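What's in start-v3.txt: compact mmCIF, C-alpha atoms and all ligand atoms
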```txt
# COMPACT_ATOMS: atom_id res chain seq x y z
CA MET A 1 5.90 -28.38 6.57
CA LEU A 2 5.07 -24.97 5.09
CA VAL A 3 4.49 -25.11 1.33
CA SER A 4 2.98 -22.52 -1.05
CA GLN A 5 -0.49 -23.45 -2.24
CA LEU A 6 -3.16 -21.83 -4.36
CA ARG A 7 -6.34 -21.52 -2.30
CA PRO A 8 -9.72 -19.92 -3.12
CA LEU A 9 -9.91 -16.17 -2.47
CA PRO A 10 -11.35 -15.72 1.05
CA GLN A 11 -14.63 -13.81 1.25
CA ALA A 12 -15.42 -10.97 3.64
CA GLY A 13 -18.19 -12.51 5.79
CA THR A 14 -20.72 -10.63 7.88
CA GLY A 15 -18.98 -7.91 9.85
CA GLU A 16 -15.68 -8.58 8.08
CA VAL A 17 -13.41 -6.89 5.57
CA LEU A 18 -11.15 -8.52 3.01
CA VAL A 19 -7.56 -7.28 3.22
CA ALA A 20 -4.86 -7.40 0.53
CA VAL A 21 -2.07 -8.47 2.87
CA ALA A 22 1.11 -6.40 2.62
CA ALA A 23 2.77 -8.08 5.60
CA ALA A 24 1.99 -10.72 8.21
CA GLY A 25 3.56 -11.23 11.62
CA VAL A 26 5.12 -14.57 12.58
CA ASN A 27 4.42 -15.71 16.11
CA ARG A 28 5.50 -18.65 18.25
CA PRO A 29 1.92 -20.03 18.16
CA ASP A 30 2.29 -20.35 14.33
CA VAL A 31 5.29 -22.64 14.88
CA MET A 32 3.28 -24.64 17.42
CA GLN A 33 0.39 -24.89 14.94
CA ARG A 34 2.74 -26.18 12.25
CA GLU A 35 4.03 -28.79 14.70
CA GLY A 36 0.45 -29.89 15.46
CA LYS A 37 0.61 -28.57 19.04
CA TYR A 38 -1.83 -25.67 18.58
CA PRO A 39 -4.67 -26.63 16.25
CA PRO A 40 -6.75 -23.81 14.75
CA PRO A 41 -10.10 -23.29 16.51
CA LYS A 42 -13.23 -24.89 14.95
CA GLY A 43 -14.25 -23.16 11.74
CA ALA A 44 -10.93 -21.30 11.32
CA THR A 45 -8.74 -21.74 8.24
CA ASP A 46 -5.72 -24.04 8.56
CA ILE A 47 -3.53 -21.37 6.92
CA PRO A 48 -1.27 -19.97 9.66
CA GLY A 49 -0.94 -16.30 10.53
CA LEU A 50 -2.55 -14.42 13.42
CA GLU A 51 -1.89 -10.81 12.39
CA ILE A 52 -1.80 -8.82 9.18
CA ALA A 53 -1.44 -5.33 7.80
CA GLY A 54 -2.61 -4.18 4.41
CA GLU A 55 -5.31 -2.44 2.42
CA VAL A 56 -9.03 -3.11 2.58
CA VAL A 57 -10.23 -4.41 -0.83
CA ALA A 58 -13.80 -5.49 -0.01
CA VAL A 59 -16.31 -4.89 2.75
CA GLY A 60 -18.67 -7.65 3.94
CA GLU A 61 -22.34 -7.38 4.84
CA GLY A 62 -22.99 -5.30 7.95
CA ALA A 63 -19.41 -4.01 8.16
CA SER A 64 -19.33 -0.23 8.31
CA ARG A 65 -16.10 0.81 10.00
CA TRP A 66 -13.71 0.57 7.02
CA LYS A 67 -13.88 1.41 3.35
CA VAL A 68 -11.94 0.08 0.35
CA GLY A 69 -8.44 1.57 0.36
CA ASP A 70 -8.09 1.97 4.15
CA ARG A 71 -4.73 0.85 5.64
CA ILE A 72 -5.43 -1.40 8.59
CA MET A 73 -3.64 -3.79 10.93
CA ALA A 74 -5.74 -6.64 12.24
CA LEU A 75 -5.76 -9.58 14.60
CA VAL A 76 -7.06 -12.63 12.73
CA VAL A 77 -7.91 -16.13 13.86
CA GLY A 78 -5.71 -17.58 11.09
CA GLY A 79 -4.99 -17.12 7.40
CA GLY A 80 -2.46 -14.31 7.65
CA TYR A 81 0.21 -16.09 5.58
CA ALA A 82 -1.60 -15.28 2.33
CA GLN A 83 -2.11 -12.57 -0.25
CA TYR A 84 -5.67 -11.99 0.96
CA CYS A 85 -7.16 -12.50 4.40
CA ALA A 86 -10.54 -11.73 5.96
CA ALA A 87 -10.59 -9.85 9.27
CA HIS A 88 -13.41 -8.88 11.61
CA GLU A 89 -13.90 -5.13 11.33
CA SER A 90 -13.78 -4.72 15.12
CA HIS A 91 -10.41 -6.49 15.39
CA ALA A 92 -8.68 -3.99 13.11
CA LEU A 93 -6.98 -0.69 13.87
CA PRO A 94 -5.95 2.12 11.55
CA VAL A 95 -2.25 2.12 10.63
CA PRO A 96 -0.80 5.46 11.76
CA PRO A 97 1.06 7.27 8.94
CA SER A 98 4.28 6.94 10.95
CA LEU A 99 4.18 3.10 10.75
CA THR A 100 5.12 1.07 7.69
CA LEU A 101 2.85 -1.85 6.87
CA VAL A 102 5.72 -4.18 7.84
CA ALA A 103 5.90 -2.59 11.29
CA ALA A 104 2.10 -2.56 11.55
CA ALA A 105 1.92 -6.31 10.85
CA ALA A 106 4.06 -6.85 13.95
CA VAL A 107 1.58 -5.04 16.22
CA PRO A 108 -1.73 -6.88 16.72
CA GLU A 109 -0.82 -10.24 18.29
CA THR A 110 1.71 -8.95 20.79
CA PHE A 111 -0.02 -5.65 21.61
CA PHE A 112 -3.42 -7.33 22.14
CA THR A 113 -1.75 -9.99 24.32
CA VAL A 114 0.33 -7.56 26.34
CA TRP A 115 -2.46 -5.04 26.80
CA HIS A 116 -4.90 -7.63 28.04
CA ASN A 117 -2.51 -9.58 30.27
CA VAL A 118 -0.34 -6.80 31.68
CA PHE A 119 -2.80 -3.95 32.00
CA ALA A 120 -6.34 -5.42 32.09
CA ARG A 121 -5.71 -8.77 33.80
CA GLY A 122 -2.46 -7.88 35.61
CA ARG A 123 -3.60 -4.34 36.56
CA LEU A 124 -0.11 -2.84 36.23
CA GLN A 125 0.02 0.65 37.75
CA SER A 126 2.47 3.48 37.26
CA GLY A 127 5.28 3.19 39.81
CA GLU A 128 4.95 -0.60 40.12
CA THR A 129 7.61 -3.12 39.06
CA LEU A 130 6.91 -5.58 36.24
CA LEU A 131 9.09 -8.68 35.80
CA VAL A 132 8.91 -9.89 32.17
CA HIS A 133 10.25 -13.34 31.32
CA GLY A 134 11.34 -13.82 27.69
CA GLY A 135 12.13 -10.11 27.54
CA SER A 136 13.60 -10.28 24.02
CA SER A 137 10.61 -12.12 22.49
CA GLY A 138 7.98 -10.40 20.40
CA ILE A 139 5.77 -10.34 23.49
CA GLY A 140 8.61 -9.32 25.81
CA THR A 141 9.87 -6.39 23.72
CA THR A 142 6.30 -5.07 23.56
CA ALA A 143 5.69 -5.57 27.28
CA ILE A 144 8.90 -3.74 28.25
CA GLN A 145 8.06 -0.73 26.08
CA LEU A 146 4.40 -0.46 27.08
CA ALA A 147 5.08 -0.88 30.79
CA LYS A 148 7.77 1.82 30.62
CA ALA A 149 5.47 4.11 28.64
CA PHE A 150 2.86 3.80 31.39
CA GLY A 151 5.33 4.65 34.13
CA ALA A 152 6.25 1.23 35.50
CA ARG A 153 9.71 -0.05 36.27
CA VAL A 154 10.63 -3.15 34.26
CA ILE A 155 12.91 -6.06 35.13
CA ALA A 156 13.37 -8.58 32.30
CA THR A 157 14.93 -12.01 31.89
CA ALA A 158 16.60 -13.31 28.73
CA GLY A 159 18.95 -16.12 27.80
CA SER A 160 21.99 -14.33 26.33
CA GLU A 161 23.96 -11.12 26.70
CA PRO A 162 22.91 -9.70 23.28
CA LYS A 163 19.28 -10.36 24.25
CA CYS A 164 19.79 -8.72 27.65
CA ASP A 165 21.39 -5.71 25.95
CA ALA A 166 18.36 -5.36 23.66
CA CYS A 167 16.04 -5.47 26.68
CA ARG A 168 18.14 -2.85 28.48
CA ARG A 169 18.01 -0.56 25.44
CA LEU A 170 14.21 -0.78 25.60
CA GLY A 171 14.30 0.25 29.25
CA ALA A 172 14.54 -2.95 31.29
CA ASP A 173 16.64 -2.30 34.38
CA PRO A 174 18.04 -4.76 35.24
CA CYS A 175 17.85 -7.46 32.59
CA ILE A 176 18.77 -10.79 34.16
CA ASN A 177 20.55 -13.44 32.09
CA TYR A 178 18.66 -16.43 33.47
CA ARG A 179 21.36 -18.83 32.28
CA SER A 180 24.00 -17.30 34.57
CA GLU A 181 21.92 -15.68 37.33
CA ASP A 182 19.03 -16.76 39.54
CA PHE A 183 16.12 -14.49 38.60
CA VAL A 184 14.52 -14.79 42.05
CA ALA A 185 17.61 -13.50 43.88
CA ALA A 186 18.27 -10.86 41.20
CA THR A 187 14.68 -9.58 41.31
CA LYS A 188 14.75 -9.38 45.10
CA ALA A 189 18.13 -7.60 45.00
CA ALA A 190 16.81 -5.10 42.44
CA THR A 191 13.72 -4.29 44.50
CA GLY A 192 15.27 -3.98 47.95
CA GLY A 193 13.86 -7.39 48.87
CA ARG A 194 10.25 -6.46 47.97
CA GLY A 195 9.87 -8.46 44.78
CA ALA A 196 7.94 -7.67 41.59
CA ASP A 197 4.37 -6.37 41.72
CA LEU A 198 3.49 -8.15 38.48
CA ILE A 199 5.15 -11.04 36.64
CA LEU A 200 4.38 -11.82 32.98
CA ASP A 201 5.37 -15.44 32.47
CA MET A 202 5.59 -17.51 29.29
CA VAL A 203 7.71 -20.29 30.79
CA GLY A 204 5.65 -22.10 33.46
CA GLY A 205 7.09 -25.38 34.79
CA ASP A 206 9.48 -24.71 37.66
CA TYR A 207 9.14 -20.95 37.04
CA ILE A 208 5.73 -21.08 38.74
CA GLY A 209 7.08 -21.68 42.22
CA ARG A 210 10.04 -19.36 41.57
CA ASN A 211 7.67 -16.62 40.40
CA TYR A 212 5.84 -16.90 43.73
CA GLU A 213 9.22 -16.36 45.40
CA ALA A 214 10.06 -13.38 43.20
CA ALA A 215 6.66 -11.69 43.62
CA ALA A 216 5.91 -8.90 46.09
CA VAL A 217 3.17 -9.15 48.72
CA GLU A 218 -0.20 -8.72 46.91
CA GLY A 219 1.67 -9.40 43.65
CA ARG A 220 0.09 -10.78 40.50
CA VAL A 221 1.43 -13.47 38.16
CA VAL A 222 -0.03 -13.71 34.66
CA GLN A 223 0.60 -16.90 32.71
CA ILE A 224 0.53 -16.62 28.91
CA ALA A 225 2.40 -19.80 27.98
CA VAL A 226 4.00 -22.89 29.52
CA GLN A 227 7.04 -23.42 27.29
CA GLY A 228 8.99 -24.88 30.22
CA GLY A 229 6.23 -27.33 31.21
CA ARG A 230 2.50 -27.30 31.84
CA LYS A 231 2.77 -29.15 35.16
CA ALA A 232 4.61 -28.18 38.32
CA THR A 233 4.90 -29.01 41.99
CA VAL A 234 4.41 -25.75 43.82
CA ASP A 235 4.56 -24.62 47.43
CA PHE A 236 1.19 -22.84 47.64
CA SER A 237 1.91 -21.44 51.08
CA ARG A 238 3.81 -18.65 49.26
CA LEU A 239 0.66 -17.76 47.37
CA MET A 240 -1.35 -17.56 50.59
CA LEU A 241 1.25 -15.81 52.71
CA LYS A 242 1.88 -13.15 50.06
CA ARG A 243 -1.80 -12.94 49.03
CA LEU A 244 -0.79 -13.44 45.40
CA THR A 245 -3.11 -13.60 42.40
CA HIS A 246 -2.16 -16.09 39.68
CA THR A 247 -4.15 -15.83 36.47
CA GLY A 248 -3.65 -16.31 32.74
CA SER A 249 -5.33 -16.27 29.36
CA THR A 250 -5.07 -17.22 25.71
CA LEU A 251 -6.11 -14.82 22.97
CA ARG A 252 -7.03 -16.83 19.90
CA ALA A 253 -10.05 -18.62 21.36
CA ARG A 254 -11.60 -15.46 22.84
CA SER A 255 -14.99 -14.29 21.55
CA ILE A 256 -15.38 -11.66 18.83
CA ALA A 257 -16.70 -9.27 21.49
CA ASP A 258 -13.75 -9.87 23.85
CA LYS A 259 -11.21 -9.17 21.10
CA ALA A 260 -13.18 -6.10 20.00
CA ALA A 261 -13.04 -4.78 23.57
CA ILE A 262 -9.25 -5.27 23.64
CA ALA A 263 -8.96 -3.53 20.23
CA ASN A 264 -11.01 -0.60 21.57
CA ALA A 265 -8.80 -0.22 24.62
CA ILE A 266 -5.66 -0.36 22.46
CA GLU A 267 -7.05 2.25 20.10
CA SER A 268 -7.68 4.63 23.01
CA HIS A 269 -4.58 4.00 25.11
CA VAL A 270 -1.82 2.61 22.85
CA LEU A 271 -2.41 3.77 19.28
CA PRO A 272 -1.39 7.36 20.16
CA LEU A 273 1.93 6.02 21.51
CA LEU A 274 2.49 4.06 18.29
CA ALA A 275 1.50 7.07 16.18
CA ASP A 276 4.07 9.36 17.77
CA GLY A 277 6.79 6.71 17.94
CA LYS A 278 6.92 6.43 21.75
CA VAL A 279 6.52 2.67 21.35
CA ARG A 280 7.43 0.64 18.26
CA PRO A 281 7.31 -3.02 17.39
CA MET A 282 10.91 -4.25 17.39
CA ILE A 283 11.51 -6.01 14.08
CA ASP A 284 14.13 -8.76 14.04
CA SER A 285 13.89 -9.69 10.37
CA THR A 286 11.61 -9.89 7.34
CA PHE A 287 11.13 -12.77 4.90
CA ALA A 288 9.12 -13.01 1.69
CA LEU A 289 5.88 -14.92 2.11
CA ALA A 290 7.29 -17.67 -0.12
CA ASP A 291 10.11 -18.07 2.43
CA ALA A 292 7.79 -18.62 5.40
CA ALA A 293 9.60 -21.88 6.14
CA ALA A 294 12.86 -19.94 6.59
CA ALA A 295 11.04 -17.48 8.88
CA HIS A 296 9.94 -20.40 11.05
CA LEU A 297 13.49 -21.75 11.13
CA ARG A 298 14.67 -18.34 12.31
CA MET A 299 12.09 -18.40 15.12
CA GLN A 300 12.97 -21.97 16.06
CA SER A 301 16.66 -21.07 16.18
CA GLY A 302 15.77 -18.87 19.16
CA GLU A 303 18.27 -16.28 17.92
CA HIS A 304 15.73 -13.62 17.00
CA ILE A 305 15.17 -10.50 19.06
CA GLY A 306 11.68 -9.05 18.61
CA LYS A 307 9.37 -9.82 15.73
CA ILE A 308 9.74 -11.72 12.47
CA VAL A 309 7.54 -10.47 9.61
CA LEU A 310 6.54 -11.94 6.24
CA THR A 311 6.17 -9.55 3.33
CA CYS A 312 3.57 -10.36 0.71
CA LYS A 313 3.72 -9.32 -2.91
CA ASP A 314 1.47 -10.33 -5.83
N1 LIG A 401 -1.57 -16.45 25.89
C1 LIG A 401 -1.61 -15.69 24.83
O1 LIG A 401 -2.60 -15.04 24.53
C2 LIG A 401 -0.40 -15.63 23.93
C3 LIG A 401 -0.43 -14.86 22.75
C4 LIG A 401 0.73 -14.79 21.97
C5 LIG A 401 1.89 -15.48 22.36
N2 LIG A 401 1.83 -16.24 23.49
C6 LIG A 401 3.03 -16.98 23.93
O2 LIG A 401 3.98 -16.03 24.34
C7 LIG A 401 5.30 -16.56 24.11
C8 LIG A 401 6.10 -15.57 23.31
O3 LIG A 401 5.60 -15.51 22.01
P1 LIG A 401 6.46 -14.83 20.85
O4 LIG A 401 5.69 -14.98 19.61
O5 LIG A 401 6.86 -13.48 21.32
O6 LIG A 401 7.68 -15.87 20.81
P2 LIG A 401 9.24 -15.75 20.71
O7 LIG A 401 9.63 -14.41 20.18
O8 LIG A 401 9.72 -16.95 20.00
O9 LIG A 401 9.71 -15.85 22.22
C9 LIG A 401 9.82 -17.01 22.98
C10 LIG A 401 10.59 -16.59 24.23
O10 LIG A 401 10.46 -17.59 25.22
C11 LIG A 401 11.66 -17.63 25.96
N3 LIG A 401 11.79 -19.00 26.50
C12 LIG A 401 11.44 -20.15 25.88
N4 LIG A 401 11.69 -21.19 26.69
C13 LIG A 401 12.23 -20.68 27.82
C14 LIG A 401 12.69 -21.22 29.04
N5 LIG A 401 12.66 -22.55 29.26
N6 LIG A 401 13.17 -20.39 29.99
C15 LIG A 401 13.18 -19.06 29.79
N7 LIG A 401 12.76 -18.46 28.66
C16 LIG A 401 12.29 -19.26 27.69
C17 LIG A 401 12.76 -17.32 24.99
O11 LIG A 401 13.75 -16.66 25.72
P3 LIG A 401 15.34 -16.85 25.46
O12 LIG A 401 15.51 -16.85 23.96
O13 LIG A 401 15.93 -15.68 26.12
O14 LIG A 401 15.73 -18.15 26.05
C18 LIG A 401 12.07 -16.36 23.99
O15 LIG A 401 12.35 -15.03 24.28
C19 LIG A 401 5.11 -17.90 23.38
O16 LIG A 401 5.21 -18.93 24.32
C20 LIG A 401 3.70 -17.79 22.84
O17 LIG A 401 3.10 -19.06 22.68
C21 LIG A 401 0.74 -16.31 24.29
```

Please express the file's structure as structure tokens.
Amino acid sequence: MLVSQLRPLPQAGTGEVLVAVAAAGVNRPDVMQREGKYPPPKGATDIPGLEIAGEVVAVGEGASRWKVGDRIMALVVGGGYAQYCAAHESHALPVPPSLTLVAAAAVPETFFTVWHNVFARGRLQSGETLLVHGGSSGIGTTAIQLAKAFGARVIATAGSEPKCDACRRLGADPCINYRSEDFVAATKAATGGRGADLILDMVGGDYIGRNYEAAAVEGRVVQIAVQGGRKATVDFSRLMLKRLTHTGSTLRARSIADKAAIANAIESHVLPLLADGKVRPMIDSTFALADAAAAHLRMQSGEHIGKIVLTCKD
């Protein structure tokens, strides 16, 4: 259960800054943590929250990138659902003037995840076709926009017509309602039988074998979650015959250096798109920090489209 508690003010450790949190993103992993299915890594706070935006109020030893008063958005290993949160200086990005702090708080977790898995790991190229499962999720709405911005074609899947419409508005063409249509046949039909060059999958289970069917020759499948099951019986001959690459990653447990490298790449390649509004986090709803439990209920309802954000006031 999520309950408000008074905790000691976090300190900015070596290489860190302390942020007065204006807003914090809510992510599916927070719900899993609350349910005991995604424990925080060793040494991390048990307070949930993987991304924040706000103002720097203190600078720790050895941290030189930010000064007090800077507006930053940061990926954190936990502790975002709070008035103050420490962040590593290299996991923070400047908030462009065009973004509110609420919008900025919806950026780090999904943009870091999508950048790393779609572009670095999945090697998406302009002109290729990306199939995104969970197209209306926080991750999905980011993946659709970024892939489009970098010149790819996007096919998405989602579980209702309003969700499919939202994906189409972001540029997915087609968006497949997986409850009424077979995504393998629909992907093949949409690509003249070729299949998708890259598949971003958060479902797993029986999607694994079906993804192999829906992939193009030399295609890549990147696994970022296994909501539909972590085990599957798969015909691996598809993987061999199509020369597929199946990979995956999780973000939270990555090293400080790995996350800093992702932040650097995002600053160079994606921040300009956020600054001029070419891509934007899609916000479903905002809740006051004290109503975090209601924000989790909204996420668990599965009705949201895009990101849920907590707003923090003193
Ligand atoms: N590996 C990483 O580094 C990393 C980082 C962040 C998040 N994640 C994972 O990425 C996923 C999305 O995160 P989020 O915060 O964006 O969550 P979210 O907004 O709650 O999205 C969850 C999505 O999963 C889809 N889904 C769930 N079960 C499904 C099923 N059986 N078949 C098809 N679709 C299904 C839902 O689609 P419909 O509503 O259309 O059914 C929904 O769009 C989560 O699983 C999260 O754990 C991974």

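Reported to one decimal place, the separation of CA of Gln145 (chain A) from CA of Gln300 (chain A) is 24.0 Å.
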
Quiz item: In file coordinates, which residues lie within 10 Å of (4.7, 2.8, 29.4) using all atoms listed in the file, given as a PyMOL selection string?
Solution: chain A and resi 125-126+142-154+171+270+273+278-279

Quiz prompt | Contacts of ligand LIG 401 (chain A), 6 Å or closer, only C-alpha atoms and all ligand atoms, given as a PyMOL selection string | solution = chain A and resi 27-29+113+134-139+158-159+202-203+224-225+227-228+249-251+299+302+306

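Closest approach to Leu18 (chain A) among A:Gly248, A:Pro174, A:Pro40, A:Gly54: A:Gly54, based on only C-alpha atoms.
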
Report, as lines of an AutoDock Vina configuration file, the axis-aligned box around all atoms of region 99-104 of chain A present in the file, extended by 3 Å on each side; give centre and edge lengths in Å to one decimal place.
```
center_x = 4.0
center_y = -0.5
center_z = 9.2
size_x = 9.8
size_y = 13.3
size_z = 10.7
```

Could you produce a table of the residues of region 108-188 of chain A lying within 10 Å of region 62-82 of chain A, with the nearest pair of atoms per residue and their separation in Å rounded to one decimal, using all atoms listed in the file, ordered by chain and increasing residue number, as a tab-separated table?
```
residue	atom	partner	partner_atom	distance
A:Pro108	CA	A:Leu75	CA	5.3
A:Glu109	CA	A:Leu75	CA	6.2
A:Thr110	CA	A:Leu75	CA	9.7
A:Phe111	CA	A:Leu75	CA	9.9
A:Phe112	CA	A:Leu75	CA	8.2
```

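For the choices A:Thr187, A:Thr14, A:Gln83, A:Gln5, the atom-to-atom distance to Thr311 (chain A) is smallest for A:Gln83 when using only C-alpha atoms.
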
Quiz item: Which one is closest to Asp235 (chain A): A:Lys259, A:Arg220, A:Arg210, A:Arg121? Count all atoms listed in the file.
Solution: A:Arg210

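Between Ala288 (chain A) and the candidates A:Ala185, A:Ala265, A:Ala24, A:Ile155, the tightest atom-to-atom separation, counting only C-alpha atoms, involves A:Ala24.
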
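The residue that comes closest to Ile308 (chain A), out of A:Val3, A:Met282, A:Ala232, A:Ala87 and on the basis of only C-alpha atoms, is A:Met282.
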
Quiz item: Which protein, DNA or RNA residues are at most 12 Å from (4.9, 0.8, 8.0) in the file's coordinates when you count all atoms listed in the file, listed as number ranges by chain?
Solution: A: 22-24, 52-54, 71-73, 94-107, 274-275, 277, 280-281, 283, 309, 311

Since the input lacks some atoms of region 79-104 of chain A, please model N, CA and C atoms and print them as a PDB file, in the coordinates of the input.
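Below you can see result-v1.pdb, which holds the result:
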```
ATOM      1  N   GLY A  79      -4.916 -17.539   8.808  1.00  0.00           N
ATOM      2  CA  GLY A  79      -4.990 -17.120   7.400  1.00  0.00           C
ATOM      3  C   GLY A  79      -4.131 -15.944   7.013  1.00  0.00           C
ATOM      4  N   GLY A  80      -3.281 -15.487   7.940  1.00  0.00           N
ATOM      5  CA  GLY A  80      -2.460 -14.310   7.650  1.00  0.00           C
ATOM      6  C   GLY A  80      -1.358 -14.540   6.629  1.00  0.00           C
ATOM      7  N   TYR A  81      -0.876 -15.791   6.521  1.00  0.00           N
ATOM      8  CA  TYR A  81       0.210 -16.090   5.580  1.00  0.00           C
ATOM      9  C   TYR A  81      -0.400 -16.255   4.184  1.00  0.00           C
ATOM     10  N   ALA A  82      -0.914 -15.193   3.621  1.00  0.00           N
ATOM     11  CA  ALA A  82      -1.600 -15.280   2.330  1.00  0.00           C
ATOM     12  C   ALA A  82      -1.654 -13.896   1.701  1.00  0.00           C
ATOM     13  N   GLN A  83      -2.006 -13.877   0.418  1.00  0.00           N
ATOM     14  CA  GLN A  83      -2.110 -12.570  -0.250  1.00  0.00           C
ATOM     15  C   GLN A  83      -3.374 -11.825   0.170  1.00  0.00           C
ATOM     16  N   TYR A  84      -4.414 -12.593   0.511  1.00  0.00           N
ATOM     17  CA  TYR A  84      -5.670 -11.990   0.960  1.00  0.00           C
ATOM     18  C   TYR A  84      -6.134 -12.700   2.225  1.00  0.00           C
ATOM     19  N   CYS A  85      -6.716 -11.920   3.126  1.00  0.00           N
ATOM     20  CA  CYS A  85      -7.160 -12.500   4.400  1.00  0.00           C
ATOM     21  C   CYS A  85      -8.374 -11.709   4.880  1.00  0.00           C
ATOM     22  N   ALA A  86      -9.373 -12.415   5.389  1.00  0.00           N
ATOM     23  CA  ALA A  86     -10.540 -11.730   5.960  1.00  0.00           C
ATOM     24  C   ALA A  86     -10.279 -11.416   7.422  1.00  0.00           C
ATOM     25  N   ALA A  87     -10.769 -10.252   7.863  1.00  0.00           N
ATOM     26  CA  ALA A  87     -10.590  -9.850   9.270  1.00  0.00           C
ATOM     27  C   ALA A  87     -11.898  -9.276   9.780  1.00  0.00           C
ATOM     28  N   HIS A  88     -12.214  -9.516  11.050  1.00  0.00           N
ATOM     29  CA  HIS A  88     -13.410  -8.880  11.610  1.00  0.00           C
ATOM     30  C   HIS A  88     -13.146  -7.392  11.726  1.00  0.00           C
ATOM     31  N   GLU A  89     -14.135  -6.588  11.350  1.00  0.00           N
ATOM     32  CA  GLU A  89     -13.900  -5.130  11.330  1.00  0.00           C
ATOM     33  C   GLU A  89     -13.534  -4.593  12.712  1.00  0.00           C
ATOM     34  N   SER A  90     -14.041  -5.236  13.768  1.00  0.00           N
ATOM     35  CA  SER A  90     -13.780  -4.720  15.120  1.00  0.00           C
ATOM     36  C   SER A  90     -12.443  -5.196  15.683  1.00  0.00           C
ATOM     37  N   HIS A  91     -11.723  -6.032  14.921  1.00  0.00           N
ATOM     38  CA  HIS A  91     -10.410  -6.490  15.390  1.00  0.00           C
ATOM     39  C   HIS A  91      -9.285  -5.793  14.623  1.00  0.00           C
ATOM     40  N   ALA A  92      -9.657  -4.727  13.915  1.00  0.00           N
ATOM     41  CA  ALA A  92      -8.680  -3.990  13.110  1.00  0.00           C
ATOM     42  C   ALA A  92      -8.498  -2.589  13.675  1.00  0.00           C
ATOM     43  N   LEU A  93      -7.315  -2.051  13.445  1.00  0.00           N
ATOM     44  CA  LEU A  93      -6.980  -0.690  13.870  1.00  0.00           C
ATOM     45  C   LEU A  93      -6.407   0.053  12.678  1.00  0.00           C
ATOM     46  N   PRO A  94      -6.569   1.363  12.645  1.00  0.00           N
ATOM     47  CA  PRO A  94      -5.950   2.120  11.550  1.00  0.00           C
ATOM     48  C   PRO A  94      -4.433   2.111  11.698  1.00  0.00           C
ATOM     49  N   VAL A  95      -3.724   2.056  10.569  1.00  0.00           N
ATOM     50  CA  VAL A  95      -2.250   2.120  10.630  1.00  0.00           C
ATOM     51  C   VAL A  95      -1.861   3.597  10.647  1.00  0.00           C
ATOM     52  N   PRO A  96      -1.216   4.055  11.726  1.00  0.00           N
ATOM     53  CA  PRO A  96      -0.800   5.460  11.760  1.00  0.00           C
ATOM     54  C   PRO A  96       0.184   5.741  10.622  1.00  0.00           C
ATOM     55  N   PRO A  97       0.162   6.954  10.053  1.00  0.00           N
ATOM     56  CA  PRO A  97       1.060   7.270   8.940  1.00  0.00           C
ATOM     57  C   PRO A  97       2.532   7.019   9.273  1.00  0.00           C
ATOM     58  N   SER A  98       2.877   7.109  10.555  1.00  0.00           N
ATOM     59  CA  SER A  98       4.280   6.940  10.950  1.00  0.00           C
ATOM     60  C   SER A  98       4.733   5.474  10.904  1.00  0.00           C
ATOM     61  N   LEU A  99       3.802   4.521  10.755  1.00  0.00           N
ATOM     62  CA  LEU A  99       4.180   3.100  10.750  1.00  0.00           C
ATOM     63  C   LEU A  99       4.143   2.545   9.336  1.00  0.00           C
ATOM     64  N   THR A 100       5.179   1.812   8.959  1.00  0.00           N
ATOM     65  CA  THR A 100       5.120   1.070   7.690  1.00  0.00           C
ATOM     66  C   THR A 100       4.173  -0.108   7.871  1.00  0.00           C
ATOM     67  N   LEU A 101       3.738  -0.685   6.761  1.00  0.00           N
ATOM     68  CA  LEU A 101       2.850  -1.850   6.870  1.00  0.00           C
ATOM     69  C   LEU A 101       3.606  -3.045   7.452  1.00  0.00           C
ATOM     70  N   VAL A 102       4.920  -3.102   7.226  1.00  0.00           N
ATOM     71  CA  VAL A 102       5.720  -4.180   7.840  1.00  0.00           C
ATOM     72  C   VAL A 102       5.702  -4.026   9.363  1.00  0.00           C
ATOM     73  N   ALA A 103       5.929  -2.820   9.841  1.00  0.00           N
ATOM     74  CA  ALA A 103       5.900  -2.590  11.290  1.00  0.00           C
ATOM     75  C   ALA A 103       4.489  -2.845  11.834  1.00  0.00           C
ATOM     76  N   ALA A 104       3.486  -2.403  11.079  1.00  0.00           N
ATOM     77  CA  ALA A 104       2.100  -2.560  11.550  1.00  0.00           C
ATOM     78  C   ALA A 104       1.715  -4.028  11.692  1.00  0.00           C
TER      79      ALA A 104
END
```
